[in-house]
>>> print(open('final-v6.cif').read())   # mmCIF, C-alpha atoms, pLDDT in the B column; chains and numbers go by the auth columns
data_structure
#
loop_
_atom_site.group_PDB
_atom_site.id
_atom_site.type_symbol
_atom_site.label_atom_id
_atom_site.label_comp_id
_atom_site.label_asym_id
_atom_site.label_seq_id
_atom_site.Cartn_x
_atom_site.Cartn_y
_atom_site.Cartn_z
_atom_site.B_iso_or_equiv
_atom_site.auth_seq_id
_atom_site.auth_asym_id
ATOM 1 C CA MET A 1 120.599 99.366 84.257 70.00 1 U
ATOM 2 C CA LYS A 2 118.543 102.472 84.918 87.00 2 U
ATOM 3 C CA ALA A 3 114.778 102.149 84.906 93.00 3 U
ATOM 4 C CA PRO A 4 113.262 103.702 81.786 94.00 4 U
ATOM 5 C CA ILE A 5 111.452 107.012 82.110 94.00 5 U
ATOM 6 C CA LEU A 6 107.931 106.485 80.807 96.00 6 U
ATOM 7 C CA THR A 7 106.074 108.830 78.487 94.00 7 U
ATOM 8 C CA ASP A 8 102.598 110.159 79.241 95.00 8 U
ATOM 9 C CA ALA A 9 101.280 107.784 76.568 97.00 9 U
ATOM 10 C CA GLN A 10 102.844 104.812 78.374 98.00 10 U
ATOM 11 C CA TRP A 11 101.410 105.901 81.743 97.00 11 U
ATOM 12 C CA ASN A 12 98.000 106.288 80.077 97.00 12 U
ATOM 13 C CA LYS A 13 98.308 102.799 78.588 98.00 13 U
ATOM 14 C CA ILE A 14 98.994 101.384 82.067 98.00 14 U
ATOM 15 C CA ALA A 15 96.091 103.380 83.543 97.00 15 U
ATOM 16 C CA LEU A 16 93.723 102.022 80.888 98.00 16 U
ATOM 17 C CA HIS A 17 94.853 98.489 81.676 98.00 17 U
ATOM 18 C CA VAL A 18 94.255 99.073 85.394 97.00 18 U
ATOM 19 C CA GLU A 19 90.580 99.736 84.661 97.00 19 U
ATOM 20 C CA THR A 20 90.223 96.156 83.338 97.00 20 U
ATOM 21 C CA MET A 21 91.608 94.606 86.540 96.00 21 U
ATOM 22 C CA LYS A 22 89.746 93.137 89.523 92.00 22 U
ATOM 23 C CA ARG A 23 91.014 95.692 92.055 92.00 23 U
ATOM 24 C CA PRO A 24 91.361 98.913 90.046 96.00 24 U
ATOM 25 C CA GLU A 25 91.353 101.141 93.176 96.00 25 U
ATOM 26 C CA HIS A 26 94.396 99.270 94.500 95.00 26 U
ATOM 27 C CA TYR A 27 96.324 99.697 91.262 96.00 27 U
ATOM 28 C CA ARG A 28 95.213 103.310 90.684 97.00 28 U
ATOM 29 C CA LEU A 29 96.625 104.240 94.085 97.00 29 U
ATOM 30 C CA LEU A 30 99.802 102.291 93.437 97.00 30 U
ATOM 31 C CA LEU A 31 100.339 104.135 90.147 96.00 31 U
ATOM 32 C CA VAL A 32 99.684 107.592 91.576 96.00 32 U
ATOM 33 C CA LEU A 33 102.117 107.004 94.456 97.00 33 U
ATOM 34 C CA VAL A 34 104.802 105.712 92.104 97.00 34 U
ATOM 35 C CA ARG A 35 104.325 108.408 89.476 96.00 35 U
ATOM 36 C CA LYS A 36 103.579 111.525 91.499 96.00 36 U
ATOM 37 C CA LEU A 37 105.513 110.894 94.722 96.00 37 U
ATOM 38 C CA GLY A 38 108.211 108.537 93.452 95.00 38 U
ATOM 39 C CA LEU A 39 107.837 106.198 96.415 95.00 39 U
ATOM 40 C CA ARG A 40 110.316 103.342 96.701 94.00 40 U
ATOM 41 C CA PRO A 41 109.042 99.733 96.828 95.00 41 U
ATOM 42 C CA MET A 42 110.002 99.505 100.527 94.00 42 U
ATOM 43 C CA GLU A 43 107.985 102.660 101.267 95.00 43 U
ATOM 44 C CA LEU A 44 104.990 101.328 99.328 96.00 44 U
ATOM 45 C CA ALA A 45 105.185 97.969 101.103 96.00 45 U
ATOM 46 C CA GLY A 46 105.258 99.527 104.574 95.00 46 U
ATOM 47 C CA LEU A 47 102.771 102.301 103.856 97.00 47 U
ATOM 48 C CA GLU A 48 100.209 102.812 106.641 97.00 48 U
ATOM 49 C CA SER A 49 97.014 104.862 106.424 97.00 49 U
ATOM 50 C CA SER A 50 98.091 106.788 109.544 96.00 50 U
ATOM 51 C CA TRP A 51 101.071 108.187 107.626 97.00 51 U
ATOM 52 C CA PHE A 52 98.661 110.430 105.693 96.00 52 U
ATOM 53 C CA ARG A 53 98.048 113.430 107.932 93.00 53 U
ATOM 54 C CA GLY A 54 96.345 116.489 106.565 87.00 54 U
ATOM 55 C CA GLY A 55 98.063 117.362 103.332 93.00 55 U
ATOM 56 C CA GLU A 56 101.187 115.327 104.056 96.00 56 U
ATOM 57 C CA LEU A 57 102.567 111.841 103.804 97.00 57 U
ATOM 58 C CA ARG A 58 104.936 111.355 106.744 95.00 58 U
ATOM 59 C CA ILE A 59 107.138 108.319 106.299 94.00 59 U
ATOM 60 C CA PRO A 60 108.564 107.501 109.749 93.00 60 U
ATOM 61 C CA LEU A 61 112.163 106.698 110.604 88.00 61 U
ATOM 62 C CA GLY A 62 113.149 103.201 109.571 85.00 62 U
ATOM 63 C CA HIS A 63 110.627 102.924 106.734 86.00 63 U
ATOM 64 C CA SER A 64 112.716 104.512 104.017 84.00 64 U
ATOM 65 C CA LYS A 65 116.145 103.817 102.586 82.00 65 U
ATOM 66 C CA GLY A 66 118.989 104.656 104.932 72.00 66 U
ATOM 67 C CA GLY A 67 116.675 104.434 107.942 70.00 67 U
ATOM 68 C CA SER A 68 115.663 108.066 107.663 77.00 68 U
ATOM 69 C CA GLY A 69 112.114 109.346 107.473 81.00 69 U
ATOM 70 C CA ARG A 70 110.704 111.952 105.167 88.00 70 U
ATOM 71 C CA SER A 71 107.634 114.059 104.647 92.00 71 U
ATOM 72 C CA LEU A 72 105.990 114.815 101.319 95.00 72 U
ATOM 73 C CA PRO A 73 103.040 117.044 100.499 96.00 73 U
ATOM 74 C CA VAL A 74 100.099 115.185 98.969 97.00 74 U
ATOM 75 C CA SER A 75 97.433 116.527 96.652 95.00 75 U
ATOM 76 C CA ALA A 76 93.686 116.042 96.865 95.00 76 U
ATOM 77 C CA ASP A 77 93.750 113.451 94.057 94.00 77 U
ATOM 78 C CA ILE A 78 96.221 111.341 96.041 96.00 78 U
ATOM 79 C CA LEU A 79 94.065 111.554 99.189 96.00 79 U
ATOM 80 C CA ASP A 80 90.994 110.665 97.101 95.00 80 U
ATOM 81 C CA ALA A 81 92.804 107.618 95.697 96.00 81 U
ATOM 82 C CA VAL A 82 93.766 106.537 99.229 97.00 82 U
ATOM 83 C CA TYR A 83 90.133 106.825 100.356 96.00 83 U
ATOM 84 C CA LEU A 84 88.778 104.980 97.301 96.00 84 U
ATOM 85 C CA HIS A 85 91.226 102.144 97.970 96.00 85 U
ATOM 86 C CA MET A 86 90.988 102.032 101.778 96.00 86 U
ATOM 87 C CA GLY A 87 87.462 103.222 102.533 95.00 87 U
ATOM 88 C CA GLU A 88 87.203 103.254 106.330 94.00 88 U
ATOM 89 C CA ARG A 89 89.833 100.535 106.759 95.00 89 U
ATOM 90 C CA LYS A 90 92.912 101.525 108.762 97.00 90 U
ATOM 91 C CA GLY A 91 96.422 100.092 108.808 97.00 91 U
ATOM 92 C CA ARG A 92 98.615 98.785 106.026 97.00 92 U
ATOM 93 C CA VAL A 93 97.608 100.312 102.713 97.00 93 U
ATOM 94 C CA PHE A 94 98.676 97.547 100.338 97.00 94 U
ATOM 95 C CA LEU A 95 97.633 93.996 101.135 95.00 95 U
ATOM 96 C CA ASN A 96 97.750 90.992 98.838 90.00 96 U
ATOM 97 C CA ARG A 97 94.626 89.001 97.914 87.00 97 U
ATOM 98 C CA GLU A 98 94.969 86.925 101.094 93.00 98 U
ATOM 99 C CA GLY A 99 95.103 90.065 103.239 93.00 99 U
ATOM 100 C CA TYR A 100 98.823 89.952 104.070 95.00 100 U
ATOM 101 C CA PRO A 101 101.212 92.897 103.639 95.00 101 U
ATOM 102 C CA PHE A 102 103.546 92.940 100.659 95.00 102 U
ATOM 103 C CA SER A 103 107.300 92.796 101.109 95.00 103 U
ATOM 104 C CA ALA A 104 109.380 95.391 99.259 94.00 104 U
ATOM 105 C CA HIS A 105 110.419 92.705 96.763 96.00 105 U
ATOM 106 C CA GLN A 106 106.802 91.661 96.168 96.00 106 U
ATOM 107 C CA MET A 107 105.762 95.302 95.737 96.00 107 U
ATOM 108 C CA SER A 108 108.520 95.875 93.201 96.00 108 U
ATOM 109 C CA ALA A 109 107.526 92.729 91.295 96.00 109 U
ATOM 110 C CA SER A 110 103.863 93.776 91.404 95.00 110 U
ATOM 111 C CA VAL A 111 104.604 97.163 89.809 97.00 111 U
ATOM 112 C CA ARG A 112 106.824 95.566 87.162 97.00 112 U
ATOM 113 C CA ARG A 113 104.179 92.897 86.425 96.00 113 U
ATOM 114 C CA LEU A 114 101.403 95.513 86.190 96.00 114 U
ATOM 115 C CA MET A 115 103.396 97.523 83.672 97.00 115 U
ATOM 116 C CA GLY A 116 104.301 94.409 81.705 97.00 116 U
ATOM 117 C CA MET A 117 100.654 93.323 81.529 97.00 117 U
ATOM 118 C CA ALA A 118 99.914 96.708 79.958 98.00 118 U
ATOM 119 C CA GLY A 119 102.706 96.148 77.422 98.00 119 U
ATOM 120 C CA VAL A 120 105.071 98.699 78.973 98.00 120 U
ATOM 121 C CA GLU A 121 108.583 97.975 80.235 97.00 121 U
ATOM 122 C CA GLY A 122 109.190 99.749 83.528 97.00 122 U
ATOM 123 C CA SER A 123 109.349 99.568 87.301 96.00 123 U
ATOM 124 C CA ALA A 124 108.627 101.624 90.409 95.00 124 U
ATOM 125 C CA TYR A 125 111.929 103.349 89.720 95.00 125 U
ATOM 126 C CA SER A 126 110.546 104.494 86.366 96.00 126 U
ATOM 127 C CA GLY A 127 108.144 106.553 88.442 94.00 127 U
ATOM 128 C CA ARG A 128 110.944 107.970 90.618 94.00 128 U
ATOM 129 C CA ARG A 129 113.119 108.852 87.634 95.00 129 U
ATOM 130 C CA GLY A 130 110.198 110.332 85.715 94.00 130 U
ATOM 131 C CA MET A 131 109.132 112.408 88.723 94.00 131 U
ATOM 132 C CA ALA A 132 112.700 113.669 89.150 94.00 132 U
ATOM 133 C CA THR A 133 113.022 114.665 85.503 92.00 133 U
ATOM 134 C CA ARG A 134 109.586 116.319 85.513 92.00 134 U
ATOM 135 C CA MET A 135 110.466 118.356 88.630 93.00 135 U
ATOM 136 C CA VAL A 136 113.687 119.617 87.033 92.00 136 U
ATOM 137 C CA GLU A 137 111.799 120.464 83.816 90.00 137 U
ATOM 138 C CA GLN A 138 109.426 122.539 85.932 91.00 138 U
ATOM 139 C CA GLY A 139 112.324 124.456 87.467 90.00 139 U
ATOM 140 C CA ALA A 140 112.791 122.705 90.818 93.00 140 U
ATOM 141 C CA SER A 141 116.271 123.010 92.256 93.00 141 U
ATOM 142 C CA MET A 142 118.410 119.956 92.911 92.00 142 U
ATOM 143 C CA ARG A 143 118.002 120.577 96.661 93.00 143 U
ATOM 144 C CA VAL A 144 114.207 120.421 96.352 94.00 144 U
ATOM 145 C CA LEU A 145 114.517 117.264 94.298 92.00 145 U
ATOM 146 C CA GLN A 146 116.922 115.780 96.849 91.00 146 U
ATOM 147 C CA LYS A 147 114.357 116.342 99.610 91.00 147 U
ATOM 148 C CA ALA A 148 111.499 114.914 97.526 92.00 148 U
ATOM 149 C CA LEU A 149 113.462 111.755 96.736 91.00 149 U
ATOM 150 C CA GLY A 150 114.764 111.398 100.279 89.00 150 U
ATOM 151 C CA HIS A 151 118.444 111.283 99.363 90.00 151 U
ATOM 152 C CA ARG A 152 121.263 112.164 101.735 88.00 152 U
ATOM 153 C CA HIS A 153 123.712 112.994 98.974 89.00 153 U
ATOM 154 C CA LEU A 154 123.118 115.357 96.066 90.00 154 U
ATOM 155 C CA GLN A 155 125.233 113.102 93.850 91.00 155 U
ATOM 156 C CA THR A 156 122.621 110.345 94.201 89.00 156 U
ATOM 157 C CA THR A 157 119.830 112.757 93.302 89.00 157 U
ATOM 158 C CA MET A 158 121.610 113.929 90.175 88.00 158 U
ATOM 159 C CA ALA A 159 121.627 110.386 88.809 88.00 159 U
ATOM 160 C CA TYR A 160 117.810 110.314 88.827 87.00 160 U
ATOM 161 C CA ALA A 161 117.018 113.399 86.731 85.00 161 U
ATOM 162 C CA GLU A 162 117.646 113.120 83.003 86.00 162 U
ATOM 163 C CA VAL A 163 118.094 116.024 80.619 84.00 163 U
ATOM 164 C CA SER A 164 115.048 116.013 78.381 82.00 164 U
ATOM 165 C CA ASP A 165 114.932 117.468 74.887 85.00 165 U
ATOM 166 C CA SER A 166 112.688 120.287 76.121 84.00 166 U
ATOM 167 C CA MET A 167 115.184 121.154 78.899 81.00 167 U
ATOM 168 C CA LEU A 168 118.032 121.305 76.396 85.00 168 U
ATOM 169 C CA ARG A 169 115.983 123.415 73.972 87.00 169 U
ATOM 170 C CA GLN A 170 115.006 125.829 76.760 85.00 170 U
ATOM 171 C CA ALA A 171 118.617 126.147 77.954 84.00 171 U
ATOM 172 C CA LEU A 172 119.914 126.777 74.441 89.00 172 U
ATOM 173 C CA PHE A 173 117.238 129.048 73.017 90.00 173 U
ATOM 174 C CA GLY A 174 115.326 130.412 76.009 82.00 174 U
#
>>> encode(input="final-v6.cif", output="structure tokens")
Amino acid sequence: MKAPILTDAQWNKIALHVETMKRPEHYRLLLVLVRKLGLRPMELAGLESSWFRGGELRIPLGHSKGGSGRSLPVSADILDAVYLHMGERKGRVFLNREGYPFSAHQMSASVRRLMGMAGVEGSAYSGRRGMATRMVEQGASMRVLQKALGHRHLQTTMAYAEVSDSMLRQALFG
């Protein structure tokens, strides 16, 4: 089953719920990385502060699916969210309440639980699929999308982007 692509209203509902939580900075960062960069649970779980260099997030070899690394540009709001969450602390970005790193499975469950607590059905892959669809809507080529998602094969990338009503309308009527 494919993860559902969330609407802006659903993302806003989750964001509002985050503000009621004990560690809102933690969850704000988690949401922005899932929604804007489409990071996989294994990438979120292994994320280190040192991977943010300048205006880039450089995921090293072995920390992404297929063992490959990848580099993504990051915006000022993402860097701000990292700083608000981390402060001057260095090292693993996401730690549980006891101070231990999350596993990929725990990170995936955490995102799913957060969304469920806000009354929204979704997962980290909802962020990836939504990001992919949004990029195509904005005119990004499949090759650009492939690089952003970190896929080796274009066929895999094509399964992530949906055809939205606005894309269909634009294609039909200009």
>>> residues_around(input="final-v6.cif", residues="U:Val136", least_positions_apart="5", cutoff="9 Å", atoms="only C-alpha atoms", output="ChimeraX atom specification")
/U:131,141-142,145,161-163,167
>>> closest_residue(input="final-v6.cif", among="U:Ala104, U:Leu31, U:Leu84, U:Leu149", to="U:Gly69", atoms="only C-alpha atoms")
U:Leu149
>>> atom_distance(input="final-v6.cif", atom1="atom CA of U:Glu56", atom2="atom CA of U:Ser110")
25.1 Å
>>> resolve_selection(input="final-v6.cif", expression="the PyMOL selection byres ((chain U and resi 146) around 12)", output="list in words")
Gly38, Arg70, Leu72, Arg128, Met131, Ala132, Met135, Val136, Ala140, Ser141, Met142, Arg143, Val144, Leu145, Lys147, Ala148, Leu149, Gly150, His151, Arg152, His153, Leu154, Gln155, Thr156, Thr157, Met158, Ala159, Tyr160 and Ala161 of chain U
>>> closest_residue(input="final-v6.cif", among="U:Ile14, U:Leu6, U:Met1, U:Val93", to="U:Ala118", atoms="only C-alpha atoms")
U:Ile14
>>> closest_residue(input="final-v6.cif", among="U:Gly91, U:Tyr27, U:Glu137, U:Leu79", to="U:Asp165", atoms="only C-alpha atoms")
U:Glu137
>>> residues_around(input="final-v6.cif", residues="U:Ala45", least_positions_apart="2", cutoff="10 Å", atoms="all atoms listed in the file", output="list in words")
Leu39, Arg40, Pro41, Met42, Glu43, Leu47, Glu48, His63, Arg92, Val93, Phe94, Leu95, Pro101, Phe102, Ser103, Ala104, His105, Gln106, Met107 and Ser108 of chain U
>>> atom_distance(input="final-v6.cif", atom1="atom CA of U:Thr7", atom2="atom CA of U:Leu57")
25.7 Å
>>> residues_around(input="final-v6.cif", residues="U:Gly119", least_positions_apart="6", cutoff="10 Å", atoms="only C-alpha atoms", output="list of chain:residue names")
U:Gln10, U:Lys13, U:Ile14, U:His17, U:Arg113
>>> closest_residue(input="final-v6.cif", among="U:Ala109, U:Leu114, U:Ala171, U:Leu61", to="U:Met21", atoms="only C-alpha atoms")
U:Leu114
>>> atom_distance(input="final-v6.cif", atom1="atom CA of U:Met86", atom2="atom CA of U:Ser68")
26.1 Å
>>> closest_residue(input="final-v6.cif", among="U:Gly54, U:Pro73, U:Gly87, U:Gly174", to="U:His26", atoms="all atoms listed in the file")
U:Gly87
>>> closest_residue(input="final-v6.cif", among="U:Lys65, U:Arg23, U:Leu29, U:Ser49", to="U:Asp77", atoms="all atoms listed in the file")
U:Leu29
